[in-house]
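K.L.:
Below is the file work.txt, which contains compact mmCIF, N, CA, C and O atoms and all ligand atoms.
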```txt
# COMPACT_ATOMS: atom_id res chain seq x y z
N MET A 295 0.82 -1.21 0.00
CA MET A 295 0.00 0.00 0.00
C MET A 295 0.85 1.26 0.00
O MET A 295 0.34 2.35 -0.18
N ARG A 296 2.15 1.13 0.24
CA ARG A 296 2.98 2.32 0.36
C ARG A 296 3.13 3.03 -0.98
O ARG A 296 3.41 2.41 -1.99
N GLY A 297 2.93 4.37 -0.95
CA GLY A 297 3.17 5.16 -2.15
C GLY A 297 2.15 4.98 -3.27
O GLY A 297 2.39 5.43 -4.37
N VAL A 298 1.04 4.34 -2.98
CA VAL A 298 0.07 4.13 -4.05
C VAL A 298 -0.74 5.41 -4.30
O VAL A 298 -0.76 6.32 -3.48
N GLU A 299 -1.39 5.44 -5.43
CA GLU A 299 -2.26 6.55 -5.76
C GLU A 299 -3.68 6.21 -5.34
O GLU A 299 -4.16 5.11 -5.59
N LEU A 300 -4.32 7.18 -4.71
CA LEU A 300 -5.68 6.98 -4.25
C LEU A 300 -6.55 8.10 -4.81
O LEU A 300 -6.07 9.20 -5.05
N CYS A 301 -7.81 7.80 -4.98
CA CYS A 301 -8.73 8.88 -5.33
C CYS A 301 -9.96 8.80 -4.45
O CYS A 301 -10.35 7.73 -3.98
N TRP A 302 -10.55 9.96 -4.22
CA TRP A 302 -11.78 10.06 -3.44
C TRP A 302 -12.94 9.72 -4.36
O TRP A 302 -13.07 10.31 -5.44
N ARG A 303 -13.77 8.81 -3.95
CA ARG A 303 -14.79 8.32 -4.87
C ARG A 303 -16.01 7.84 -4.09
O ARG A 303 -15.89 7.37 -2.98
N THR A 304 -17.14 7.99 -4.73
CA THR A 304 -18.34 7.37 -4.19
C THR A 304 -18.22 5.86 -4.37
O THR A 304 -17.84 5.40 -5.44
N TYR A 305 -18.55 5.14 -3.33
CA TYR A 305 -18.38 3.69 -3.40
C TYR A 305 -19.20 3.08 -4.52
O TYR A 305 -20.34 3.42 -4.75
N ARG A 306 -18.58 2.15 -5.21
CA ARG A 306 -19.30 1.35 -6.19
C ARG A 306 -18.74 -0.06 -6.12
O ARG A 306 -17.67 -0.29 -5.57
N ARG A 307 -19.49 -0.96 -6.65
CA ARG A 307 -19.03 -2.35 -6.58
C ARG A 307 -17.81 -2.54 -7.45
O ARG A 307 -17.65 -1.88 -8.47
N TYR A 308 -17.00 -3.47 -7.03
CA TYR A 308 -15.78 -3.77 -7.76
C TYR A 308 -16.15 -4.25 -9.16
O TYR A 308 -16.84 -5.25 -9.33
N PRO A 309 -15.72 -3.52 -10.19
CA PRO A 309 -16.19 -3.83 -11.55
C PRO A 309 -15.85 -5.24 -12.00
O PRO A 309 -16.57 -5.82 -12.80
N ARG A 310 -14.77 -5.78 -11.50
CA ARG A 310 -14.38 -7.11 -11.96
C ARG A 310 -15.06 -8.22 -11.19
O ARG A 310 -14.89 -9.39 -11.50
N ASN A 311 -15.78 -7.86 -10.14
CA ASN A 311 -16.52 -8.88 -9.41
C ASN A 311 -17.82 -8.27 -8.88
O ASN A 311 -17.93 -7.94 -7.72
N PRO A 312 -18.79 -8.09 -9.75
CA PRO A 312 -20.03 -7.39 -9.38
C PRO A 312 -20.86 -8.11 -8.33
O PRO A 312 -21.84 -7.55 -7.83
N ASP A 313 -20.50 -9.33 -7.97
CA ASP A 313 -21.24 -10.03 -6.93
C ASP A 313 -20.94 -9.51 -5.53
O ASP A 313 -21.72 -9.71 -4.62
N TRP A 314 -19.79 -8.87 -5.37
CA TRP A 314 -19.51 -8.29 -4.06
C TRP A 314 -20.46 -7.13 -3.84
O TRP A 314 -20.55 -6.24 -4.67
N ASP A 315 -21.12 -7.10 -2.70
CA ASP A 315 -22.00 -5.96 -2.47
C ASP A 315 -21.44 -4.99 -1.45
O ASP A 315 -22.09 -4.02 -1.09
N HIS A 316 -20.26 -5.25 -0.95
CA HIS A 316 -19.66 -4.29 -0.02
C HIS A 316 -18.15 -4.47 0.01
O HIS A 316 -17.62 -5.44 -0.51
N ASP A 317 -17.51 -3.50 0.63
CA ASP A 317 -16.07 -3.59 0.86
C ASP A 317 -15.80 -3.08 2.27
O ASP A 317 -16.68 -2.49 2.90
N HIS A 318 -14.59 -3.30 2.73
CA HIS A 318 -14.21 -2.81 4.05
C HIS A 318 -13.00 -1.92 3.95
O HIS A 318 -12.13 -2.14 3.10
N CYS A 319 -12.94 -0.95 4.85
CA CYS A 319 -11.74 -0.16 4.98
C CYS A 319 -10.56 -1.09 5.27
O CYS A 319 -10.68 -2.00 6.10
N GLU A 320 -9.46 -0.84 4.61
CA GLU A 320 -8.28 -1.69 4.79
C GLU A 320 -7.76 -1.68 6.22
O GLU A 320 -7.03 -2.58 6.64
N PHE A 321 -8.09 -0.65 6.99
CA PHE A 321 -7.47 -0.48 8.29
C PHE A 321 -8.43 -0.70 9.45
O PHE A 321 -8.09 -1.39 10.40
N CYS A 322 -9.60 -0.09 9.40
CA CYS A 322 -10.49 -0.19 10.56
C CYS A 322 -11.70 -1.07 10.27
O CYS A 322 -12.54 -1.27 11.14
N TRP A 323 -11.79 -1.58 9.06
CA TRP A 323 -12.86 -2.51 8.71
C TRP A 323 -14.24 -1.83 8.64
O TRP A 323 -15.26 -2.48 8.68
N ALA A 324 -14.25 -0.51 8.56
CA ALA A 324 -15.52 0.17 8.31
C ALA A 324 -16.09 -0.34 6.99
O ALA A 324 -15.35 -0.70 6.08
N LYS A 325 -17.40 -0.36 6.89
CA LYS A 325 -18.04 -0.99 5.76
C LYS A 325 -18.48 0.04 4.73
O LYS A 325 -19.08 1.05 5.07
N PHE A 326 -18.19 -0.25 3.48
CA PHE A 326 -18.67 0.57 2.36
C PHE A 326 -19.75 -0.22 1.63
O PHE A 326 -19.56 -1.40 1.34
N MET A 327 -20.85 0.45 1.34
CA MET A 327 -21.90 -0.20 0.56
C MET A 327 -22.53 0.82 -0.37
O MET A 327 -22.51 2.02 -0.12
N VAL A 328 -23.15 0.31 -1.43
CA VAL A 328 -23.92 1.18 -2.30
C VAL A 328 -25.27 1.47 -1.65
O VAL A 328 -25.76 2.60 -1.66
N GLU A 329 -25.88 0.45 -1.06
CA GLU A 329 -27.19 0.60 -0.46
C GLU A 329 -27.11 1.39 0.85
O GLU A 329 -26.07 1.42 1.50
N ASP A 330 -28.23 1.98 1.21
CA ASP A 330 -28.29 2.76 2.43
C ASP A 330 -28.56 1.86 3.63
O ASP A 330 -29.60 1.23 3.71
N HIS A 331 -27.61 1.78 4.52
CA HIS A 331 -27.80 1.05 5.77
C HIS A 331 -27.20 1.90 6.87
O HIS A 331 -26.33 2.72 6.61
N PRO A 332 -27.64 1.68 8.11
CA PRO A 332 -27.02 2.44 9.20
C PRO A 332 -25.52 2.12 9.29
O PRO A 332 -25.13 0.97 9.14
N GLU A 333 -24.75 3.15 9.52
CA GLU A 333 -23.33 2.98 9.79
C GLU A 333 -22.54 2.37 8.65
O GLU A 333 -21.57 1.66 8.87
N VAL A 334 -22.95 2.62 7.45
CA VAL A 334 -22.09 2.26 6.33
C VAL A 334 -21.63 3.55 5.65
O VAL A 334 -22.29 4.58 5.74
N LEU A 335 -20.50 3.46 4.99
CA LEU A 335 -19.94 4.60 4.30
C LEU A 335 -20.27 4.52 2.82
O LEU A 335 -20.37 3.43 2.26
N HIS A 336 -20.44 5.69 2.22
CA HIS A 336 -20.73 5.72 0.79
C HIS A 336 -19.62 6.35 -0.03
O HIS A 336 -19.67 6.34 -1.25
N GLN A 337 -18.66 6.91 0.66
CA GLN A 337 -17.54 7.53 -0.05
C GLN A 337 -16.26 7.21 0.68
O GLN A 337 -16.26 7.04 1.91
N GLY A 338 -15.20 7.15 -0.04
CA GLY A 338 -13.92 6.91 0.60
C GLY A 338 -12.81 7.04 -0.40
O GLY A 338 -13.03 7.39 -1.57
N TYR A 339 -11.62 6.76 0.06
CA TYR A 339 -10.47 6.77 -0.82
C TYR A 339 -10.25 5.35 -1.33
O TYR A 339 -10.28 4.39 -0.57
N CYS A 340 -10.02 5.23 -2.62
CA CYS A 340 -9.80 3.90 -3.16
C CYS A 340 -8.61 3.92 -4.10
O CYS A 340 -8.23 4.96 -4.63
N THR A 341 -8.03 2.74 -4.27
CA THR A 341 -6.99 2.60 -5.28
C THR A 341 -7.64 2.75 -6.65
O THR A 341 -8.86 2.57 -6.79
N LEU A 342 -6.86 3.06 -7.64
CA LEU A 342 -7.44 3.42 -8.93
C LEU A 342 -8.14 2.25 -9.60
O LEU A 342 -8.94 2.45 -10.52
N ASP A 343 -7.87 1.05 -9.16
CA ASP A 343 -8.59 -0.10 -9.72
C ASP A 343 -9.82 -0.46 -8.89
O ASP A 343 -10.42 -1.51 -9.11
N ASP A 344 -10.19 0.38 -7.92
CA ASP A 344 -11.37 0.15 -7.06
C ASP A 344 -11.20 -1.02 -6.10
O ASP A 344 -12.15 -1.45 -5.48
N TYR A 345 -10.01 -1.57 -6.01
CA TYR A 345 -9.86 -2.81 -5.27
C TYR A 345 -9.79 -2.58 -3.76
O TYR A 345 -10.38 -3.32 -2.98
N ARG A 346 -9.03 -1.58 -3.35
CA ARG A 346 -8.86 -1.32 -1.92
C ARG A 346 -9.51 0.00 -1.55
O ARG A 346 -9.35 0.99 -2.24
N TRP A 347 -10.18 -0.01 -0.41
CA TRP A 347 -10.90 1.18 0.06
C TRP A 347 -10.38 1.58 1.43
O TRP A 347 -10.08 0.72 2.27
N ILE A 348 -10.31 2.87 1.65
CA ILE A 348 -9.84 3.41 2.91
C ILE A 348 -10.79 4.52 3.32
O ILE A 348 -11.10 5.41 2.51
N CYS A 349 -11.25 4.50 4.55
CA CYS A 349 -12.17 5.54 5.00
C CYS A 349 -11.40 6.84 5.25
O CYS A 349 -10.18 6.83 5.37
N SER A 350 -12.14 7.94 5.33
CA SER A 350 -11.46 9.23 5.44
C SER A 350 -10.69 9.34 6.75
O SER A 350 -9.64 9.99 6.81
N GLU A 351 -11.19 8.73 7.81
CA GLU A 351 -10.47 8.78 9.08
C GLU A 351 -9.13 8.08 9.01
O GLU A 351 -8.11 8.60 9.43
N CYS A 352 -9.12 6.89 8.46
CA CYS A 352 -7.87 6.15 8.36
C CYS A 352 -6.95 6.83 7.36
O CYS A 352 -5.73 6.83 7.52
N PHE A 353 -7.53 7.43 6.35
CA PHE A 353 -6.70 8.16 5.41
C PHE A 353 -5.92 9.25 6.13
O PHE A 353 -4.70 9.37 5.96
N SER A 354 -6.60 10.03 6.97
CA SER A 354 -5.89 11.09 7.69
C SER A 354 -4.86 10.51 8.65
O SER A 354 -3.80 11.09 8.85
N ASP A 355 -5.19 9.38 9.26
CA ASP A 355 -4.27 8.81 10.24
C ASP A 355 -3.00 8.25 9.59
O ASP A 355 -1.94 8.25 10.19
N PHE A 356 -3.12 7.73 8.39
CA PHE A 356 -2.02 6.96 7.82
C PHE A 356 -1.39 7.54 6.57
O PHE A 356 -0.45 6.98 6.03
N LYS A 357 -1.93 8.67 6.08
CA LYS A 357 -1.46 9.14 4.78
C LYS A 357 0.03 9.47 4.77
O LYS A 357 0.70 9.24 3.77
N GLU A 358 0.53 10.00 5.89
CA GLU A 358 1.96 10.34 5.88
C GLU A 358 2.82 9.09 6.01
O GLU A 358 3.83 8.93 5.33
N MET A 359 2.38 8.19 6.85
CA MET A 359 3.14 6.94 7.03
C MET A 359 3.26 6.16 5.71
O MET A 359 4.29 5.57 5.41
N PHE A 360 2.18 6.17 4.93
CA PHE A 360 2.18 5.37 3.71
C PHE A 360 2.50 6.16 2.45
O PHE A 360 2.53 5.60 1.36
N GLU A 361 2.67 7.47 2.60
CA GLU A 361 3.03 8.31 1.46
C GLU A 361 2.06 8.17 0.29
O GLU A 361 2.45 8.01 -0.86
N TRP A 362 0.78 8.20 0.62
CA TRP A 362 -0.22 8.09 -0.43
C TRP A 362 -0.27 9.37 -1.24
O TRP A 362 -0.09 10.46 -0.72
N ARG A 363 -0.57 9.21 -2.49
CA ARG A 363 -0.78 10.37 -3.36
C ARG A 363 -2.23 10.38 -3.82
O ARG A 363 -2.74 9.35 -4.28
N VAL A 364 -2.86 11.51 -3.66
CA VAL A 364 -4.26 11.62 -4.07
C VAL A 364 -4.32 12.19 -5.47
O VAL A 364 -3.72 13.21 -5.76
N VAL A 365 -5.01 11.50 -6.33
CA VAL A 365 -5.14 11.94 -7.71
C VAL A 365 -6.61 12.11 -8.04
O VAL A 365 -7.48 11.55 -7.38
N ARG A 366 -6.86 12.86 -9.05
CA ARG A 366 -8.24 13.00 -9.52
C ARG A 366 -8.63 11.75 -10.28
O ARG A 366 -7.88 11.27 -11.11
N SER A 367 -9.79 11.28 -9.98
CA SER A 367 -10.26 10.09 -10.67
C SER A 367 -10.67 10.46 -12.10
O SER A 367 -11.31 11.47 -12.33
N SER A 368 -10.25 9.65 -13.04
CA SER A 368 -10.50 9.97 -14.44
C SER A 368 -11.96 9.78 -14.82
O SER A 368 -12.44 10.38 -15.76
N ASP A 369 -12.67 8.93 -14.08
CA ASP A 369 -14.04 8.61 -14.52
C ASP A 369 -15.06 9.06 -13.49
O ASP A 369 -16.15 8.54 -13.41
N ASP A 370 -14.71 10.02 -12.67
CA ASP A 370 -15.63 10.52 -11.66
C ASP A 370 -15.79 12.01 -11.89
O ASP A 370 -14.81 12.72 -11.95
N ASN A 371 -17.00 12.48 -12.01
CA ASN A 371 -17.19 13.89 -12.31
C ASN A 371 -17.54 14.71 -11.07
O ASN A 371 -18.14 15.76 -11.17
N VAL A 372 -17.18 14.22 -9.92
CA VAL A 372 -17.50 14.94 -8.69
C VAL A 372 -16.63 16.20 -8.58
O VAL A 372 -15.44 16.09 -8.73
ZN ZN B 401 -10.94 3.10 8.26
```
Could you express the structure from this file as structure tokens?
Ligand SMILES: [Zn+2]
P.N.:
Amino acid sequence: MRGVELCWRTYRRYPRNPDWDHDHCEFCWAKFMVEDHPEVLHQGYCTLDDYRWICSECFSDFKEMFEWRVVRSSDDNV
């Protein structure tokens, strides 16, 4: 995870495995889902392939340690 590029994105299912309906933060295991449920996150930082997700809290806690770079997502118009 060190030095990877991350982008802020609304959660979506992993395109290569649409059967997954949720993901977890890599660090605190917070849950990301598309559907609305109590205590789930809908936005977070993800690797550019959508594979790994990190919540904003863990991002702030670990960004310096891991030297993450935040980039604009090419396919997100937010
Ligand atoms: Zn987290």
K.L.:
Pick from A:Tyr339, A:Trp362, A:Tyr305, A:Trp347: nearest to Cys322 of chain A, with all atoms listed in the file counted?
P.N.:
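When distances to Cys322 of chain A are compared using all atoms listed in the file, the smallest one comes from A:Trp347.
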K.L.:
Per DSSP on the backbone, filter chain A down to the residues in alpha helix (DSSP H) and report them as an NGL selection string.
P.N.:
:A and (350-360)
K.L.:
Residues of the last selection are to be written out with N, CA, C and O atoms, as a PDB file, in the coordinates of the input.
P.N.:
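Wrote it out as again.pdb, contents follow:
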```pdb
ATOM      1  N   SER A 350     -12.140   7.940   5.330  1.00  0.00           N
ATOM      2  CA  SER A 350     -11.460   9.230   5.440  1.00  0.00           C
ATOM      3  C   SER A 350     -10.690   9.340   6.750  1.00  0.00           C
ATOM      4  O   SER A 350      -9.640   9.990   6.810  1.00  0.00           O
ATOM      5  N   GLU A 351     -11.190   8.730   7.810  1.00  0.00           N
ATOM      6  CA  GLU A 351     -10.470   8.780   9.080  1.00  0.00           C
ATOM      7  C   GLU A 351      -9.130   8.080   9.010  1.00  0.00           C
ATOM      8  O   GLU A 351      -8.110   8.600   9.430  1.00  0.00           O
ATOM      9  N   CYS A 352      -9.120   6.890   8.460  1.00  0.00           N
ATOM     10  CA  CYS A 352      -7.870   6.150   8.360  1.00  0.00           C
ATOM     11  C   CYS A 352      -6.950   6.830   7.360  1.00  0.00           C
ATOM     12  O   CYS A 352      -5.730   6.830   7.520  1.00  0.00           O
ATOM     13  N   PHE A 353      -7.530   7.430   6.350  1.00  0.00           N
ATOM     14  CA  PHE A 353      -6.700   8.160   5.410  1.00  0.00           C
ATOM     15  C   PHE A 353      -5.920   9.250   6.130  1.00  0.00           C
ATOM     16  O   PHE A 353      -4.700   9.370   5.960  1.00  0.00           O
ATOM     17  N   SER A 354      -6.600  10.030   6.970  1.00  0.00           N
ATOM     18  CA  SER A 354      -5.890  11.090   7.690  1.00  0.00           C
ATOM     19  C   SER A 354      -4.860  10.510   8.650  1.00  0.00           C
ATOM     20  O   SER A 354      -3.800  11.090   8.850  1.00  0.00           O
ATOM     21  N   ASP A 355      -5.190   9.380   9.260  1.00  0.00           N
ATOM     22  CA  ASP A 355      -4.270   8.810  10.240  1.00  0.00           C
ATOM     23  C   ASP A 355      -3.000   8.250   9.590  1.00  0.00           C
ATOM     24  O   ASP A 355      -1.940   8.250  10.190  1.00  0.00           O
ATOM     25  N   PHE A 356      -3.120   7.730   8.390  1.00  0.00           N
ATOM     26  CA  PHE A 356      -2.020   6.960   7.820  1.00  0.00           C
ATOM     27  C   PHE A 356      -1.390   7.540   6.570  1.00  0.00           C
ATOM     28  O   PHE A 356      -0.450   6.980   6.030  1.00  0.00           O
ATOM     29  N   LYS A 357      -1.930   8.670   6.080  1.00  0.00           N
ATOM     30  CA  LYS A 357      -1.460   9.140   4.780  1.00  0.00           C
ATOM     31  C   LYS A 357       0.030   9.470   4.770  1.00  0.00           C
ATOM     32  O   LYS A 357       0.700   9.240   3.770  1.00  0.00           O
ATOM     33  N   GLU A 358       0.530  10.000   5.890  1.00  0.00           N
ATOM     34  CA  GLU A 358       1.960  10.340   5.880  1.00  0.00           C
ATOM     35  C   GLU A 358       2.820   9.090   6.010  1.00  0.00           C
ATOM     36  O   GLU A 358       3.830   8.930   5.330  1.00  0.00           O
ATOM     37  N   MET A 359       2.380   8.190   6.850  1.00  0.00           N
ATOM     38  CA  MET A 359       3.140   6.940   7.030  1.00  0.00           C
ATOM     39  C   MET A 359       3.260   6.160   5.710  1.00  0.00           C
ATOM     40  O   MET A 359       4.290   5.570   5.410  1.00  0.00           O
ATOM     41  N   PHE A 360       2.180   6.170   4.930  1.00  0.00           N
ATOM     42  CA  PHE A 360       2.180   5.370   3.710  1.00  0.00           C
ATOM     43  C   PHE A 360       2.500   6.160   2.450  1.00  0.00           C
ATOM     44  O   PHE A 360       2.530   5.600   1.360  1.00  0.00           O
TER      45      PHE A 360
END
```
K.L.:
Can you pull out every residue with an atom within 7 Å of ligand ZN 401 (chain B)? Use all atoms listed in the file and format it as a list in words.
P.N.:
His318, Cys319, Glu320, Phe321, Cys322, Trp323, Ala324, Trp347, Ile348, Cys349, Ser350, Glu351, Cys352 and Phe353 of chain A
K.L.:
Fewer than 3 positions away in the same chain doesn't count, so skip those; otherwise give me all residues within 8 Å of Trp302 of chain A, counting all atoms listed in the file, as a list in words.
P.N.:
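The contact residues come out as Glu299, Tyr305, Gln337, Gly338, Tyr339, Cys340, Thr341, Ile348, Arg363, Val364, Val365, Arg366, Ser367, Asp370, Asn371 and Val372 of chain A.
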K.L.:
Find the spatial neighbours of segment 327-331 of chain A, counting only N, CA, C and O atoms, within a cut-off of 8 Å - ignore same-chain residues fewer than 3 positions away - and output them as a list in words.
P.N.:
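Here the answer would be Thr304, Tyr305, Arg306, Arg307, Trp314, Asp315, His316, Asp317, His318, Ala324, Val334, Leu335, His336 and Gln337 of chain A.
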K.L.:
Write the selection just made, keeping N, CA, C and O atoms, as a PDB file, in the coordinates of the input?
P.N.:
```
ATOM      1  N   THR A 304     -17.140   7.990  -4.730  1.00  0.00           N
ATOM      2  CA  THR A 304     -18.340   7.370  -4.190  1.00  0.00           C
ATOM      3  C   THR A 304     -18.220   5.860  -4.370  1.00  0.00           C
ATOM      4  O   THR A 304     -17.840   5.400  -5.440  1.00  0.00           O
ATOM      5  N   TYR A 305     -18.550   5.140  -3.330  1.00  0.00           N
ATOM      6  CA  TYR A 305     -18.380   3.690  -3.400  1.00  0.00           C
ATOM      7  C   TYR A 305     -19.200   3.080  -4.520  1.00  0.00           C
ATOM      8  O   TYR A 305     -20.340   3.420  -4.750  1.00  0.00           O
ATOM      9  N   ARG A 306     -18.580   2.150  -5.210  1.00  0.00           N
ATOM     10  CA  ARG A 306     -19.300   1.350  -6.190  1.00  0.00           C
ATOM     11  C   ARG A 306     -18.740  -0.060  -6.120  1.00  0.00           C
ATOM     12  O   ARG A 306     -17.670  -0.290  -5.570  1.00  0.00           O
ATOM     13  N   ARG A 307     -19.490  -0.960  -6.650  1.00  0.00           N
ATOM     14  CA  ARG A 307     -19.030  -2.350  -6.580  1.00  0.00           C
ATOM     15  C   ARG A 307     -17.810  -2.540  -7.450  1.00  0.00           C
ATOM     16  O   ARG A 307     -17.650  -1.880  -8.470  1.00  0.00           O
ATOM     17  N   TRP A 314     -19.790  -8.870  -5.370  1.00  0.00           N
ATOM     18  CA  TRP A 314     -19.510  -8.290  -4.060  1.00  0.00           C
ATOM     19  C   TRP A 314     -20.460  -7.130  -3.840  1.00  0.00           C
ATOM     20  O   TRP A 314     -20.550  -6.240  -4.670  1.00  0.00           O
ATOM     21  N   ASP A 315     -21.120  -7.100  -2.700  1.00  0.00           N
ATOM     22  CA  ASP A 315     -22.000  -5.960  -2.470  1.00  0.00           C
ATOM     23  C   ASP A 315     -21.440  -4.990  -1.450  1.00  0.00           C
ATOM     24  O   ASP A 315     -22.090  -4.020  -1.090  1.00  0.00           O
ATOM     25  N   HIS A 316     -20.260  -5.250  -0.950  1.00  0.00           N
ATOM     26  CA  HIS A 316     -19.660  -4.290  -0.020  1.00  0.00           C
ATOM     27  C   HIS A 316     -18.150  -4.470   0.010  1.00  0.00           C
ATOM     28  O   HIS A 316     -17.620  -5.440  -0.510  1.00  0.00           O
ATOM     29  N   ASP A 317     -17.510  -3.500   0.630  1.00  0.00           N
ATOM     30  CA  ASP A 317     -16.070  -3.590   0.860  1.00  0.00           C
ATOM     31  C   ASP A 317     -15.800  -3.080   2.270  1.00  0.00           C
ATOM     32  O   ASP A 317     -16.680  -2.490   2.900  1.00  0.00           O
ATOM     33  N   HIS A 318     -14.590  -3.300   2.730  1.00  0.00           N
ATOM     34  CA  HIS A 318     -14.210  -2.810   4.050  1.00  0.00           C
ATOM     35  C   HIS A 318     -13.000  -1.920   3.950  1.00  0.00           C
ATOM     36  O   HIS A 318     -12.130  -2.140   3.100  1.00  0.00           O
ATOM     37  N   ALA A 324     -14.250  -0.510   8.560  1.00  0.00           N
ATOM     38  CA  ALA A 324     -15.520   0.170   8.310  1.00  0.00           C
ATOM     39  C   ALA A 324     -16.090  -0.340   6.990  1.00  0.00           C
ATOM     40  O   ALA A 324     -15.350  -0.700   6.080  1.00  0.00           O
ATOM     41  N   VAL A 334     -22.950   2.620   7.450  1.00  0.00           N
ATOM     42  CA  VAL A 334     -22.090   2.260   6.330  1.00  0.00           C
ATOM     43  C   VAL A 334     -21.630   3.550   5.650  1.00  0.00           C
ATOM     44  O   VAL A 334     -22.290   4.580   5.740  1.00  0.00           O
ATOM     45  N   LEU A 335     -20.500   3.460   4.990  1.00  0.00           N
ATOM     46  CA  LEU A 335     -19.940   4.600   4.300  1.00  0.00           C
ATOM     47  C   LEU A 335     -20.270   4.520   2.820  1.00  0.00           C
ATOM     48  O   LEU A 335     -20.370   3.430   2.260  1.00  0.00           O
ATOM     49  N   HIS A 336     -20.440   5.690   2.220  1.00  0.00           N
ATOM     50  CA  HIS A 336     -20.730   5.720   0.790  1.00  0.00           C
ATOM     51  C   HIS A 336     -19.620   6.350  -0.030  1.00  0.00           C
ATOM     52  O   HIS A 336     -19.670   6.340  -1.250  1.00  0.00           O
ATOM     53  N   GLN A 337     -18.660   6.910   0.660  1.00  0.00           N
ATOM     54  CA  GLN A 337     -17.540   7.530  -0.050  1.00  0.00           C
ATOM     55  C   GLN A 337     -16.260   7.210   0.680  1.00  0.00           C
ATOM     56  O   GLN A 337     -16.260   7.040   1.910  1.00  0.00           O
TER      57      GLN A 337
END
```
K.L.:
One number please: atom CA of Arg296 of chain A to atom CA of Phe360 of chain A, in Å, one decimal.
P.N.:
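For atom CA of Arg296 of chain A relative to atom CA of Phe360 of chain A, the distance reads 4.6 Å.
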K.L.:
Using atom C of Asn311 of chain A and atom O of Lys325 of chain A as the two end points, give the distance in Å to one decimal.
P.N.:
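Atom-to-atom, atom C of Asn311 of chain A and atom O of Lys325 of chain A are spaced 16.8 Å apart.
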K.L.:
Report the distance between atom CA of Pro309 of chain A and atom O of Glu358 of chain A in Å, rounded to one decimal place.
P.N.:
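Going from atom CA of Pro309 of chain A over to atom O of Glu358 of chain A covers 29.1 Å.
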K.L.:
DSSP on the backbone, then: every residue of chain A marked strand (DSSP E or B), written as number ranges by chain.
P.N.:
A: 299-304, 316-319, 325-327, 335, 337-341, 347-348, 363-364
K.L.:
With distances taken over all atoms listed in the file, which of A:Glu333, A:Glu361, A:Asp355, A:Asp344 is nearest to Tyr308 of chain A?
P.N.:
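Ranked by minimum distance to Tyr308 of chain A, first place goes to A:Asp344.
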K.L.:
Grab segment 311-358 of chain A from that structure and dump C-alpha atoms to a file, as a compact mmCIF listing (two decimals), in the first residue's frame.
P.N.:
```txt
# COMPACT_ATOMS: atom_id res chain seq x y z
CA ASN A 311 -16.52 -8.88 -9.41
CA PRO A 312 -20.03 -7.39 -9.38
CA ASP A 313 -21.24 -10.03 -6.93
CA TRP A 314 -19.51 -8.29 -4.06
CA ASP A 315 -22.00 -5.96 -2.47
CA HIS A 316 -19.66 -4.29 -0.02
CA ASP A 317 -16.07 -3.59 0.86
CA HIS A 318 -14.21 -2.81 4.05
CA CYS A 319 -11.74 -0.16 4.98
CA GLU A 320 -8.28 -1.69 4.79
CA PHE A 321 -7.47 -0.48 8.29
CA CYS A 322 -10.49 -0.19 10.56
CA TRP A 323 -12.86 -2.51 8.71
CA ALA A 324 -15.52 0.17 8.31
CA LYS A 325 -18.04 -0.99 5.76
CA PHE A 326 -18.67 0.57 2.36
CA MET A 327 -21.90 -0.20 0.56
CA VAL A 328 -23.92 1.18 -2.30
CA GLU A 329 -27.19 0.60 -0.46
CA ASP A 330 -28.29 2.76 2.43
CA HIS A 331 -27.80 1.05 5.77
CA PRO A 332 -27.02 2.44 9.20
CA GLU A 333 -23.33 2.98 9.79
CA VAL A 334 -22.09 2.26 6.33
CA LEU A 335 -19.94 4.60 4.30
CA HIS A 336 -20.73 5.72 0.79
CA GLN A 337 -17.54 7.53 -0.05
CA GLY A 338 -13.92 6.91 0.60
CA TYR A 339 -10.47 6.77 -0.82
CA CYS A 340 -9.80 3.90 -3.16
CA THR A 341 -6.99 2.60 -5.28
CA LEU A 342 -7.44 3.42 -8.93
CA ASP A 343 -8.59 -0.10 -9.72
CA ASP A 344 -11.37 0.15 -7.06
CA TYR A 345 -9.86 -2.81 -5.27
CA ARG A 346 -8.86 -1.32 -1.92
CA TRP A 347 -10.90 1.18 0.06
CA ILE A 348 -9.84 3.41 2.91
CA CYS A 349 -12.17 5.54 5.00
CA SER A 350 -11.46 9.23 5.44
CA GLU A 351 -10.47 8.78 9.08
CA CYS A 352 -7.87 6.15 8.36
CA PHE A 353 -6.70 8.16 5.41
CA SER A 354 -5.89 11.09 7.69
CA ASP A 355 -4.27 8.81 10.24
CA PHE A 356 -2.02 6.96 7.82
CA LYS A 357 -1.46 9.14 4.78
CA GLU A 358 1.96 10.34 5.88
```
